[in-house]
file my_file.pdb (PDB, C-alpha atoms)
MODEL        1
ATOM      1  CA  MET A  11      -5.965  12.976  -9.518  1.00  0.00           C
ATOM      2  CA  GLY A  12      -8.307  12.968 -12.502  1.00  0.00           C
ATOM      3  CA  ALA A  13      -9.954   9.942 -14.047  1.00  0.00           C
ATOM      4  CA  ALA A  14      -7.904   7.872 -16.473  1.00  0.00           C
ATOM      5  CA  GLN A  15      -8.402   8.725 -20.120  1.00  0.00           C
ATOM      6  CA  SER A  16     -10.147   6.214 -22.331  1.00  0.00           C
ATOM      7  CA  TYR A  17      -8.360   5.027 -25.466  1.00  0.00           C
ATOM      8  CA  THR A  18     -10.212   2.949 -28.025  1.00  0.00           C
ATOM      9  CA  PRO A  19      -8.329   1.272 -30.898  1.00  0.00           C
ATOM     10  CA  SER A  20     -10.128   1.273 -34.207  1.00  0.00           C
ATOM     11  CA  PRO A  21      -9.893  -1.110 -37.155  1.00  0.00           C
ATOM     12  CA  GLN A  22      -7.798   1.638 -38.735  1.00  0.00           C
ATOM     13  CA  LEU A  23      -5.142   1.253 -36.037  1.00  0.00           C
ATOM     14  CA  PHE A  24      -5.286  -2.540 -36.237  1.00  0.00           C
ATOM     15  CA  HIS A  25      -4.631  -2.502 -39.978  1.00  0.00           C
ATOM     16  CA  ALA A  26      -1.857   0.062 -39.501  1.00  0.00           C
ATOM     17  CA  VAL A  27      -0.141  -2.198 -36.964  1.00  0.00           C
ATOM     18  CA  ALA A  28      -0.485  -5.223 -39.251  1.00  0.00           C
ATOM     19  CA  ASP A  29       0.934  -3.305 -42.219  1.00  0.00           C
ATOM     20  CA  ALA A  30       3.874  -2.076 -40.142  1.00  0.00           C
ATOM     21  CA  MET A  31       4.637  -5.596 -38.983  1.00  0.00           C
ATOM     22  CA  ARG A  32       4.616  -6.811 -42.580  1.00  0.00           C
ATOM     23  CA  THR A  33       7.173  -4.116 -43.300  1.00  0.00           C
ATOM     24  CA  GLY A  34       9.244  -5.332 -40.366  1.00  0.00           C
ATOM     25  CA  ILE A  35       9.508  -8.804 -41.900  1.00  0.00           C
ATOM     26  CA  GLY A  36      11.623  -7.376 -44.715  1.00  0.00           C
ATOM     27  CA  ARG A  37      14.108  -5.937 -42.200  1.00  0.00           C
ATOM     28  CA  LEU A  38      14.921  -9.200 -40.406  1.00  0.00           C
ATOM     29  CA  ARG A  39      18.380 -10.727 -40.545  1.00  0.00           C
ATOM     30  CA  PRO A  40      18.619 -13.176 -43.480  1.00  0.00           C
ATOM     31  CA  GLU A  41      18.975 -16.257 -41.274  1.00  0.00           C
ATOM     32  CA  ILE A  42      15.422 -15.781 -39.996  1.00  0.00           C
ATOM     33  CA  THR A  43      12.270 -16.360 -42.049  1.00  0.00           C
ATOM     34  CA  VAL A  44       8.929 -14.955 -40.854  1.00  0.00           C
ATOM     35  CA  HIS A  45       5.577 -15.117 -42.633  1.00  0.00           C
ATOM     36  CA  GLU A  46       1.968 -14.233 -41.916  1.00  0.00           C
ATOM     37  CA  VAL A  47      -0.310 -17.037 -40.708  1.00  0.00           C
ATOM     38  CA  SER A  48      -3.936 -17.405 -39.680  1.00  0.00           C
ATOM     39  CA  ALA A  49      -4.604 -15.644 -36.385  1.00  0.00           C
ATOM     40  CA  PRO A  50      -6.760 -16.975 -33.533  1.00  0.00           C
ATOM     41  CA  THR A  51     -10.334 -15.761 -33.742  1.00  0.00           C
ATOM     42  CA  ARG A  52     -11.634 -16.314 -30.220  1.00  0.00           C
ATOM     43  CA  LEU A  53      -9.181 -14.319 -28.106  1.00  0.00           C
ATOM     44  CA  ALA A  54      -9.983 -10.780 -29.270  1.00  0.00           C
ATOM     45  CA  PRO A  55     -12.066  -8.931 -31.888  1.00  0.00           C
ATOM     46  CA  PHE A  56      -8.913  -8.193 -33.911  1.00  0.00           C
ATOM     47  CA  ALA A  57      -5.879 -10.480 -34.267  1.00  0.00           C
ATOM     48  CA  PHE A  58      -2.795 -10.692 -36.459  1.00  0.00           C
ATOM     49  CA  ALA A  59      -0.216 -13.505 -36.381  1.00  0.00           C
ATOM     50  CA  LEU A  60       3.265 -14.247 -37.659  1.00  0.00           C
ATOM     51  CA  ALA A  61       5.232 -17.507 -37.594  1.00  0.00           C
ATOM     52  CA  GLY A  62       8.995 -17.736 -37.884  1.00  0.00           C
ATOM     53  CA  GLY A  63      12.045 -19.930 -37.848  1.00  0.00           C
ATOM     54  CA  LEU A  64      15.470 -20.360 -39.341  1.00  0.00           C
ATOM     55  CA  THR A  65      15.947 -20.155 -43.085  1.00  0.00           C
ATOM     56  CA  GLY A  66      16.687 -23.294 -45.101  1.00  0.00           C
ATOM     57  CA  ASP A  67      17.607 -26.734 -43.793  1.00  0.00           C
ATOM     58  CA  SER A  68      17.857 -25.537 -40.182  1.00  0.00           C
ATOM     59  CA  ALA A  69      14.249 -24.333 -40.105  1.00  0.00           C
ATOM     60  CA  ASP A  70      13.289 -26.754 -37.324  1.00  0.00           C
ATOM     61  CA  VAL A  71      16.126 -25.742 -34.971  1.00  0.00           C
ATOM     62  CA  ALA A  72      14.126 -22.793 -33.619  1.00  0.00           C
ATOM     63  CA  THR A  73      10.539 -21.837 -34.348  1.00  0.00           C
ATOM     64  CA  GLY A  74       8.071 -19.359 -32.950  1.00  0.00           C
ATOM     65  CA  ARG A  75       4.894 -17.378 -33.313  1.00  0.00           C
ATOM     66  CA  LEU A  76       3.981 -13.754 -32.611  1.00  0.00           C
ATOM     67  CA  VAL A  77       0.318 -12.774 -32.215  1.00  0.00           C
ATOM     68  CA  VAL A  78      -1.142  -9.280 -31.806  1.00  0.00           C
ATOM     69  CA  LEU A  79      -4.535  -9.064 -30.114  1.00  0.00           C
ATOM     70  CA  MET A  80      -6.751  -5.965 -29.969  1.00  0.00           C
ATOM     71  CA  ASP A  81      -9.936  -5.494 -27.987  1.00  0.00           C
ATOM     72  CA  PRO A  82     -11.581  -2.046 -28.140  1.00  0.00           C
ATOM     73  CA  ASP A  83     -13.186  -2.679 -24.749  1.00  0.00           C
ATOM     74  CA  GLY A  84      -9.841  -3.504 -23.195  1.00  0.00           C
ATOM     75  CA  GLN A  85      -9.046  -6.331 -20.816  1.00  0.00           C
ATOM     76  CA  PRO A  86      -7.993  -5.739 -17.181  1.00  0.00           C
ATOM     77  CA  ALA A  87      -5.117  -8.218 -17.340  1.00  0.00           C
ATOM     78  CA  TRP A  88      -3.684  -6.361 -20.339  1.00  0.00           C
ATOM     79  CA  GLN A  89      -3.960  -2.948 -18.656  1.00  0.00           C
ATOM     80  CA  GLY A  90      -5.013  -1.643 -22.023  1.00  0.00           C
ATOM     81  CA  THR A  91      -6.596  -2.633 -25.288  1.00  0.00           C
ATOM     82  CA  SER A  92      -3.782  -4.560 -27.011  1.00  0.00           C
ATOM     83  CA  ARG A  93      -1.661  -7.573 -26.151  1.00  0.00           C
ATOM     84  CA  ILE A  94       1.216  -9.346 -27.874  1.00  0.00           C
ATOM     85  CA  VAL A  95       1.553 -13.096 -27.336  1.00  0.00           C
ATOM     86  CA  CYS A  96       4.820 -14.836 -28.176  1.00  0.00           C
ATOM     87  CA  TYR A  97       5.854 -18.481 -28.346  1.00  0.00           C
ATOM     88  CA  ALA A  98       9.351 -19.717 -29.217  1.00  0.00           C
ATOM     89  CA  ARG A  99      10.936 -23.182 -29.116  1.00  0.00           C
ATOM     90  CA  ALA A 100      14.449 -24.472 -29.754  1.00  0.00           C
ATOM     91  CA  GLY A 101      16.083 -27.880 -29.748  1.00  0.00           C
ATOM     92  CA  ILE A 102      18.998 -28.160 -27.317  1.00  0.00           C
ATOM     93  CA  ASP A 103      21.581 -30.698 -26.145  1.00  0.00           C
ATOM     94  CA  ALA A 104      21.120 -32.723 -22.970  1.00  0.00           C
ATOM     95  CA  GLU A 105      23.821 -30.851 -21.038  1.00  0.00           C
ATOM     96  CA  ILE A 106      22.234 -27.511 -21.877  1.00  0.00           C
ATOM     97  CA  ALA A 107      18.821 -28.800 -20.818  1.00  0.00           C
ATOM     98  CA  ALA A 108      20.304 -29.722 -17.431  1.00  0.00           C
ATOM     99  CA  ASP A 109      21.755 -26.245 -16.840  1.00  0.00           C
ATOM    100  CA  PRO A 110      19.931 -24.708 -13.841  1.00  0.00           C
ATOM    101  CA  LEU A 111      20.376 -21.238 -15.333  1.00  0.00           C
ATOM    102  CA  LEU A 112      18.749 -22.086 -18.664  1.00  0.00           C
ATOM    103  CA  ALA A 113      15.355 -20.588 -17.741  1.00  0.00           C
ATOM    104  CA  GLU A 114      16.873 -17.286 -16.593  1.00  0.00           C
ATOM    105  CA  VAL A 115      19.117 -17.048 -19.652  1.00  0.00           C
ATOM    106  CA  THR A 116      16.240 -17.815 -22.027  1.00  0.00           C
ATOM    107  CA  TRP A 117      14.089 -15.166 -20.371  1.00  0.00           C
ATOM    108  CA  SER A 118      16.923 -12.653 -20.650  1.00  0.00           C
ATOM    109  CA  TRP A 119      17.032 -13.129 -24.456  1.00  0.00           C
ATOM    110  CA  LEU A 120      13.518 -11.738 -24.700  1.00  0.00           C
ATOM    111  CA  GLY A 121      14.279  -8.686 -22.592  1.00  0.00           C
ATOM    112  CA  GLU A 122      17.522  -7.992 -24.464  1.00  0.00           C
ATOM    113  CA  ALA A 123      15.842  -8.311 -27.859  1.00  0.00           C
ATOM    114  CA  LEU A 124      12.985  -5.987 -26.889  1.00  0.00           C
ATOM    115  CA  ALA A 125      15.335  -3.408 -25.376  1.00  0.00           C
ATOM    116  CA  ALA A 126      17.744  -3.481 -28.313  1.00  0.00           C
ATOM    117  CA  HIS A 127      14.992  -2.393 -30.709  1.00  0.00           C
ATOM    118  CA  GLY A 128      13.152  -0.086 -28.324  1.00  0.00           C
ATOM    119  CA  ALA A 129      10.089  -2.352 -28.369  1.00  0.00           C
ATOM    120  CA  GLN A 130       7.990  -1.330 -25.397  1.00  0.00           C
ATOM    121  CA  ALA A 131       6.601  -4.139 -23.243  1.00  0.00           C
ATOM    122  CA  ARG A 132       4.370  -3.395 -20.272  1.00  0.00           C
ATOM    123  CA  VAL A 133       2.885  -6.052 -17.987  1.00  0.00           C
ATOM    124  CA  LEU A 134       5.408  -8.579 -19.295  1.00  0.00           C
ATOM    125  CA  GLY A 135       5.028 -12.149 -18.068  1.00  0.00           C
ATOM    126  CA  GLY A 136       5.686 -15.677 -19.204  1.00  0.00           C
ATOM    127  CA  THR A 137       7.133 -19.121 -18.583  1.00  0.00           C
ATOM    128  CA  VAL A 138      10.212 -21.042 -19.686  1.00  0.00           C
ATOM    129  CA  THR A 139       9.851 -24.825 -19.932  1.00  0.00           C
ATOM    130  CA  THR A 140      12.417 -27.512 -20.683  1.00  0.00           C
ATOM    131  CA  THR A 141      11.043 -30.756 -22.127  1.00  0.00           C
ATOM    132  CA  SER A 142      12.645 -34.096 -22.892  1.00  0.00           C
ATOM    133  CA  SER A 143      11.415 -36.847 -25.200  1.00  0.00           C
ATOM    134  CA  ARG A 144      12.752 -40.390 -24.903  1.00  0.00           C
ATOM    135  CA  ARG A 145      12.409 -42.490 -28.019  1.00  0.00           C
ATOM    136  CA  MET A 146      11.482 -46.129 -27.503  1.00  0.00           C
ATOM    137  CA  GLY A 147      11.456 -49.343 -29.553  1.00  0.00           C
ATOM    138  CA  VAL A 148      12.652 -48.987 -33.127  1.00  0.00           C
ATOM    139  CA  LEU A 149      13.097 -45.224 -32.561  1.00  0.00           C
ATOM    140  CA  ARG A 150      15.604 -45.630 -29.712  1.00  0.00           C
ATOM    141  CA  ALA A 151      18.582 -45.476 -32.076  1.00  0.00           C
ATOM    142  CA  GLU A 152      17.627 -41.900 -33.017  1.00  0.00           C
ATOM    143  CA  GLY A 153      18.355 -40.759 -29.477  1.00  0.00           C
ATOM    144  CA  ASP A 154      16.479 -38.598 -27.004  1.00  0.00           C
ATOM    145  CA  THR A 155      15.548 -34.984 -27.753  1.00  0.00           C
ATOM    146  CA  PHE A 156      15.419 -31.894 -25.546  1.00  0.00           C
ATOM    147  CA  ASP A 157      13.702 -28.567 -26.104  1.00  0.00           C
ATOM    148  CA  VAL A 158      13.371 -25.222 -24.375  1.00  0.00           C
ATOM    149  CA  GLU A 159      10.096 -23.337 -24.803  1.00  0.00           C
ATOM    150  CA  LEU A 160       9.303 -19.709 -24.032  1.00  0.00           C
ATOM    151  CA  ARG A 161       5.667 -18.611 -23.728  1.00  0.00           C
ATOM    152  CA  CYS A 162       5.074 -14.983 -22.872  1.00  0.00           C
ATOM    153  CA  SER A 163       2.926 -11.914 -23.465  1.00  0.00           C
ATOM    154  CA  TRP A 164       3.106  -8.171 -22.975  1.00  0.00           C
ATOM    155  CA  SER A 165       1.187  -4.972 -23.715  1.00  0.00           C
ATOM    156  CA  PRO A 166       2.654  -2.552 -26.286  1.00  0.00           C
ATOM    157  CA  ASP A 167       2.510   1.211 -25.839  1.00  0.00           C
ATOM    158  CA  TRP A 168      -0.090   1.635 -28.567  1.00  0.00           C
ATOM    159  CA  ALA A 169      -2.520  -0.122 -26.201  1.00  0.00           C
ATOM    160  CA  LEU A 170      -2.722   3.278 -24.523  1.00  0.00           C
ATOM    161  CA  GLU A 171      -1.814   5.938 -27.033  1.00  0.00           C
ATOM    162  CA  GLY A 172      -1.967   5.097 -30.739  1.00  0.00           C
ATOM    163  CA  THR A 173      -5.665   5.215 -31.461  1.00  0.00           C
ATOM    164  CA  LEU A 174      -6.283   7.042 -34.736  1.00  0.00           C
ATOM    165  CA  PRO A 175     -10.088   7.509 -34.358  1.00  0.00           C
ATOM    166  CA  PRO A 176     -11.868   8.879 -37.435  1.00  0.00           C
ATOM    167  CA  GLU A 177     -12.362  12.354 -35.933  1.00  0.00           C
ATOM    168  CA  GLY A 178      -8.750  12.568 -34.842  1.00  0.00           C
ATOM    169  CA  THR A 179      -9.651  12.843 -31.165  1.00  0.00           C
ATOM    170  CA  LEU A 180      -9.382  10.518 -28.220  1.00  0.00           C
ATOM    171  CA  ALA A 181     -12.512   9.033 -26.739  1.00  0.00           C
ATOM    172  CA  GLY A 182     -13.454  11.047 -23.674  1.00  0.00           C
ATOM    173  CA  THR A 183     -11.085  13.950 -24.454  1.00  0.00           C
ATOM    174  CA  ASP A 184     -11.150  17.142 -26.498  1.00  0.00           C
ATOM    175  CA  GLY A 185      -7.523  17.055 -27.630  1.00  0.00           C
ATOM    176  CA  PRO A 186      -5.932  15.521 -30.719  1.00  0.00           C
ATOM    177  CA  ALA A 187      -5.009  11.847 -30.747  1.00  0.00           C
ATOM    178  CA  PRO A 188      -1.356  11.199 -29.883  1.00  0.00           C
ATOM    179  CA  PRO A 189       0.648  10.235 -32.992  1.00  0.00           C
ATOM    180  CA  TRP A 190       1.222   6.551 -33.627  1.00  0.00           C
ATOM    181  CA  ASN A 191       4.580   5.561 -35.062  1.00  0.00           C
ATOM    182  CA  PRO A 192       4.798   2.431 -37.274  1.00  0.00           C
ATOM    183  CA  ALA A 193       8.292   1.930 -35.856  1.00  0.00           C
ATOM    184  CA  ASP A 194       6.629   0.795 -32.624  1.00  0.00           C
ATOM    185  CA  ALA A 195       5.173  -2.250 -34.391  1.00  0.00           C
ATOM    186  CA  ILE A 196       8.242  -2.874 -36.571  1.00  0.00           C
ATOM    187  CA  ALA A 197      10.366  -3.018 -33.405  1.00  0.00           C
ATOM    188  CA  GLN A 198       8.231  -5.874 -32.076  1.00  0.00           C
ATOM    189  CA  VAL A 199       8.889  -7.945 -35.207  1.00  0.00           C
ATOM    190  CA  LEU A 200      12.622  -7.245 -35.127  1.00  0.00           C
ATOM    191  CA  ALA A 201      12.774  -8.256 -31.468  1.00  0.00           C
ATOM    192  CA  PHE A 202      10.916 -11.477 -32.296  1.00  0.00           C
ATOM    193  CA  GLY A 203      13.472 -12.267 -34.987  1.00  0.00           C
ATOM    194  CA  ASP A 204      16.385 -11.679 -32.639  1.00  0.00           C
ATOM    195  CA  LEU A 205      14.761 -13.885 -30.005  1.00  0.00           C
ATOM    196  CA  LEU A 206      14.554 -16.757 -32.503  1.00  0.00           C
ATOM    197  CA  ALA A 207      18.168 -16.159 -33.545  1.00  0.00           C
ATOM    198  CA  ALA A 208      19.388 -16.302 -29.944  1.00  0.00           C
ATOM    199  CA  MET A 209      17.424 -19.472 -29.244  1.00  0.00           C
ATOM    200  CA  ALA A 210      18.863 -21.068 -32.378  1.00  0.00           C
ATOM    201  CA  GLY A 211      22.393 -20.306 -31.249  1.00  0.00           C
ATOM    202  CA  LEU A 212      23.178 -17.855 -34.040  1.00  0.00           C
ATOM    203  CA  PRO A 213      25.942 -15.315 -33.408  1.00  0.00           C
ATOM    204  CA  PRO A 214      24.285 -12.210 -31.961  1.00  0.00           C
ATOM    205  CA  ALA A 215      23.741  -9.305 -34.311  1.00  0.00           C
ATOM    206  CA  LEU A 216      23.162  -7.064 -31.297  1.00  0.00           C
ATOM    207  CA  SER A 217      25.589  -6.441 -28.453  1.00  0.00           C
ATOM    208  CA  GLY A 218      24.501  -7.810 -25.104  1.00  0.00           C
ATOM    209  CA  VAL A 219      22.538 -10.779 -26.457  1.00  0.00           C
ATOM    210  CA  VAL A 220      24.186 -14.046 -25.478  1.00  0.00           C
ATOM    211  CA  PRO A 221      22.933 -16.867 -27.777  1.00  0.00           C
ATOM    212  CA  LEU A 222      22.318 -20.483 -26.907  1.00  0.00           C
ATOM    213  CA  PRO A 223      25.159 -22.787 -28.025  1.00  0.00           C
ATOM    214  CA  GLN A 224      24.124 -24.498 -31.237  1.00  0.00           C
ATOM    215  CA  ARG A 225      22.919 -28.078 -30.906  1.00  0.00           C
ATOM    216  CA  SER A 226      25.489 -30.635 -32.019  1.00  0.00           C
ATOM    217  CA  ALA A 227      24.682 -32.850 -34.990  1.00  0.00           C
TER     218      ALA A 227
ENDMDL
END

call {"tool": "encode", "arguments": {"input": "my_file.pdb", "output": "structure tokens"}}
result
Amino acid sequence: MGAAQSYTPSPQLFHAVADAMRTGIGRLRPEITVHEVSAPTRLAPFAFALAGGLTGDSADVATGRLVVLMDPDGQPAWQGTSRIVCYARAGIDAEIAADPLLAEVTWSWLGEALAAHGAQARVLGGTVTTTSSRRMGVLRAEGDTFDVELRCSWSPDWALEGTLPPEGTLAGTDGPAPPWNPADAIAQVLAFGDLLAAMAGLPPALSGVVPLPQRSA
């Protein structure tokens, strides 16, 4: 077996991914609003971030953030040179918070959303956490609150293949660089939007995605 090929993302690829994700924002279902925000600067040489939630008065029902990290040197835990980090939170009712299957169902929303749009996710891992907040004193009348949070990350396929070096060749090889398709990045944004929709309890736009029941008023 020969040595593994070396793939090095360039600023050109990073900007291409960011531009494709901006395009993906315009293709989200109208109930979801996503916008570009400041990205973390200490996790990787290149970073791009989006924040999202529901449109209008229900904006705080479900919120989230999607961050793309790129490191030309690669990181062993990523098994490549790029990583997507996702955070999503939704307010839920007490009975839903007590459901022992909530963590598994929440995790399944991510997998269903990624699969529905063909968004590749290697080395996928994360946590699902249910939190409760009890209001005290003068705030007691407002009642307790419950939330479910999903924190996860995965490596997209372009971490290995979509490099676009200036000479059109892959580092360490003599052949042409494999083509990179902007649809790969757009799919990640669309999956993020569907994840937020499911966590907010919106009717699924995609078959197979079972949403969280909407929180009662």

call {"tool": "closest_atom_pairs", "arguments": {"input": "my_file.pdb", "of": "segment 35-62 of chain A", "to": "segment 191-206 of chain A", "cutoff": "8 Å", "atoms": "all atoms listed in the file", "output": "CSV"}}
result
residue,atom,partner,partner_atom,distance
A:Ile35,CA,A:Val199,CA,6.8
A:Arg37,CA,A:Leu200,CA,7.3
A:Leu38,CA,A:Leu200,CA,6.1
A:Arg39,CA,A:Gly203,CA,7.6
A:Ile42,CA,A:Gly203,CA,6.4
A:Val44,CA,A:Gly203,CA,7.9
A:Gly62,CA,A:Gly203,CA,7.6

call {"tool": "resolve_selection", "arguments": {"input": "my_file.pdb", "expression": "the PyMOL selection byres ((chain A and resi 79) around 8)", "output": "mmCIF file with C-alpha atoms, keeping the file's coordinate frame"}}
result
data_model
loop_
_atom_site.group_PDB
_atom_site.id
_atom_site.type_symbol
_atom_site.label_atom_id
_atom_site.label_comp_id
_atom_site.auth_asym_id
_atom_site.auth_seq_id
_atom_site.Cartn_x
_atom_site.Cartn_y
_atom_site.Cartn_z
ATOM 1 C CA LEU A 53 -9.181 -14.319 -28.106
ATOM 2 C CA ALA A 54 -9.983 -10.780 -29.270
ATOM 3 C CA PRO A 55 -12.066 -8.931 -31.888
ATOM 4 C CA PHE A 56 -8.913 -8.193 -33.911
ATOM 5 C CA ALA A 57 -5.879 -10.480 -34.267
ATOM 6 C CA PHE A 58 -2.795 -10.692 -36.459
ATOM 7 C CA VAL A 77 0.318 -12.774 -32.215
ATOM 8 C CA VAL A 78 -1.142 -9.280 -31.806
ATOM 9 C CA MET A 80 -6.751 -5.965 -29.969
ATOM 10 C CA ASP A 81 -9.936 -5.494 -27.987
ATOM 11 C CA SER A 92 -3.782 -4.560 -27.011
ATOM 12 C CA ARG A 93 -1.661 -7.573 -26.151
ATOM 13 C CA ILE A 94 1.216 -9.346 -27.874
ATOM 14 C CA VAL A 95 1.553 -13.096 -27.336
#

call {"tool": "resolve_selection", "arguments": {"input": "my_file.pdb", "expression": "the PyMOL selection byres ((chain A and resi 136-139) around 9)", "output": "list in words"}}
result
Leu112, Ala113, Glu114, Thr116, Trp117, Leu134, Gly135, Thr140, Thr141, Asp157, Val158, Glu159, Leu160, Arg161, Cys162, Ser163 and Trp164 of chain A

call {"tool": "resolve_selection", "arguments": {"input": "my_file.pdb", "expression": "the PyMOL selection byres ((chain A and resi 41) around 8)", "output": "list in words"}}
result
Arg39, Pro40, Ile42, Thr43, Leu64, Thr65 and Ala207 of chain A

call {"tool": "axis_aligned_box", "arguments": {"input": "my_file.pdb", "around": "segment 51-58 of chain A", "padding_each_side": "3 Å", "output": "JSON"}}
result
{"center_x": -7.4, "center_y": -12.3, "center_z": -32.3, "size_x": 15.3, "size_y": 14.1, "size_z": 14.4}

call {"tool": "residues_near_point", "arguments": {"input": "my_file.pdb", "point": "(14.7, -31.3, -30.1)", "cutoff": "7 Å", "atoms": "only C-alpha atoms", "output": "list in words"}}
result
Ala100, Gly101, Ile102, Thr155, Phe156 and Asp157 of chain A

call {"tool": "atom_distance", "arguments": {"input": "my_file.pdb", "atom1": "atom CA of Ala61 of chain A", "atom2": "atom CA of Gly121 of chain A"}}
result
19.6 Å

call {"tool": "atom_distance", "arguments": {"input": "my_file.pdb", "atom1": "atom CA of Ala210 of chain A", "atom2": "atom CA of Thr73 of chain A"}}
result
8.6 Å

call {"tool": "closest_residue", "arguments": {"input": "my_file.pdb", "among": "A:Gly63, A:Pro21, A:Gly128, A:Gly211", "to": "Pro82 of chain A", "atoms": "all atoms listed in the file"}}
result
A:Pro21

call {"tool": "closest_residue", "arguments": {"input": "my_file.pdb", "among": "A:Pro50, A:Arg32, A:Ala104, A:Leu60", "to": "Arg144 of chain A", "atoms": "all atoms listed in the file"}}
result
A:Ala104

call {"tool": "atom_distance", "arguments": {"input": "my_file.pdb", "atom1": "atom CA of Ser142 of chain A", "atom2": "atom CA of Pro214 of chain A"}}
result
26.4 Å
